[in-house]
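Q: Below you will find the structure I want to go over with you.
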Amino acid sequence: MDDELTPPGRYTTRDVARALGTSPGGVRNLVYRGRLKRVGGTERHPHYAVTDVAALLAERQARAAA
C-alpha cells in the first residue's frame, strides 16, 4: 500500500533502509544528524529524494573502498 502512494523519485523510510542496508531507526538517525533530508510525505511517513539516497550510498561505498 505504501508503494502505491509514494511519488516517483522518492523513497519511503523502508526503501531507504533497504538501499543503505540499515534499519528504519538508522534512517531516522541519519535525518537527526543532518545527513539525509525529508522532502515530503507526513511526519509519520516521510519521503526522501532518490538522488539524496543515491549520493549517500555512493559516499558510503567510496569510504568503504578507501
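Scheme for the C-alpha cells: letters A, B, ... for chains in order shown; per-chain residue numbers from 1; ligand numbers from 1 in order shown.
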Quick one: residues within 12 Å of Val31 in chain A, only C-alpha atoms, excluding same-chain residues fewer than 5 positions away - as a PyMOL selection string?
A: chain A and resi 13+16+24-26+36-39+46-48+52-53+56
Q: So that I can check the secondary structure, give me every residue of chain A assigned strand (DSSP E or B) by backbone DSSP, as a ChimeraX atom specification.
A: /A:10-11,38-41,46-49
Q: Using DSSP secondary structure from the backbone, list all alpha helix (DSSP H) positions within chain A, as a PyMOL selection string.
A: chain A and resi 2-5+13-20+24-32+50-65
Q: Using CA of Arg44 in chain A and CA of Gln61 in chain A as the two end points, give the distance in Å to one decimal.
A: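 Computing it gives 29.0 Å between the two atoms.
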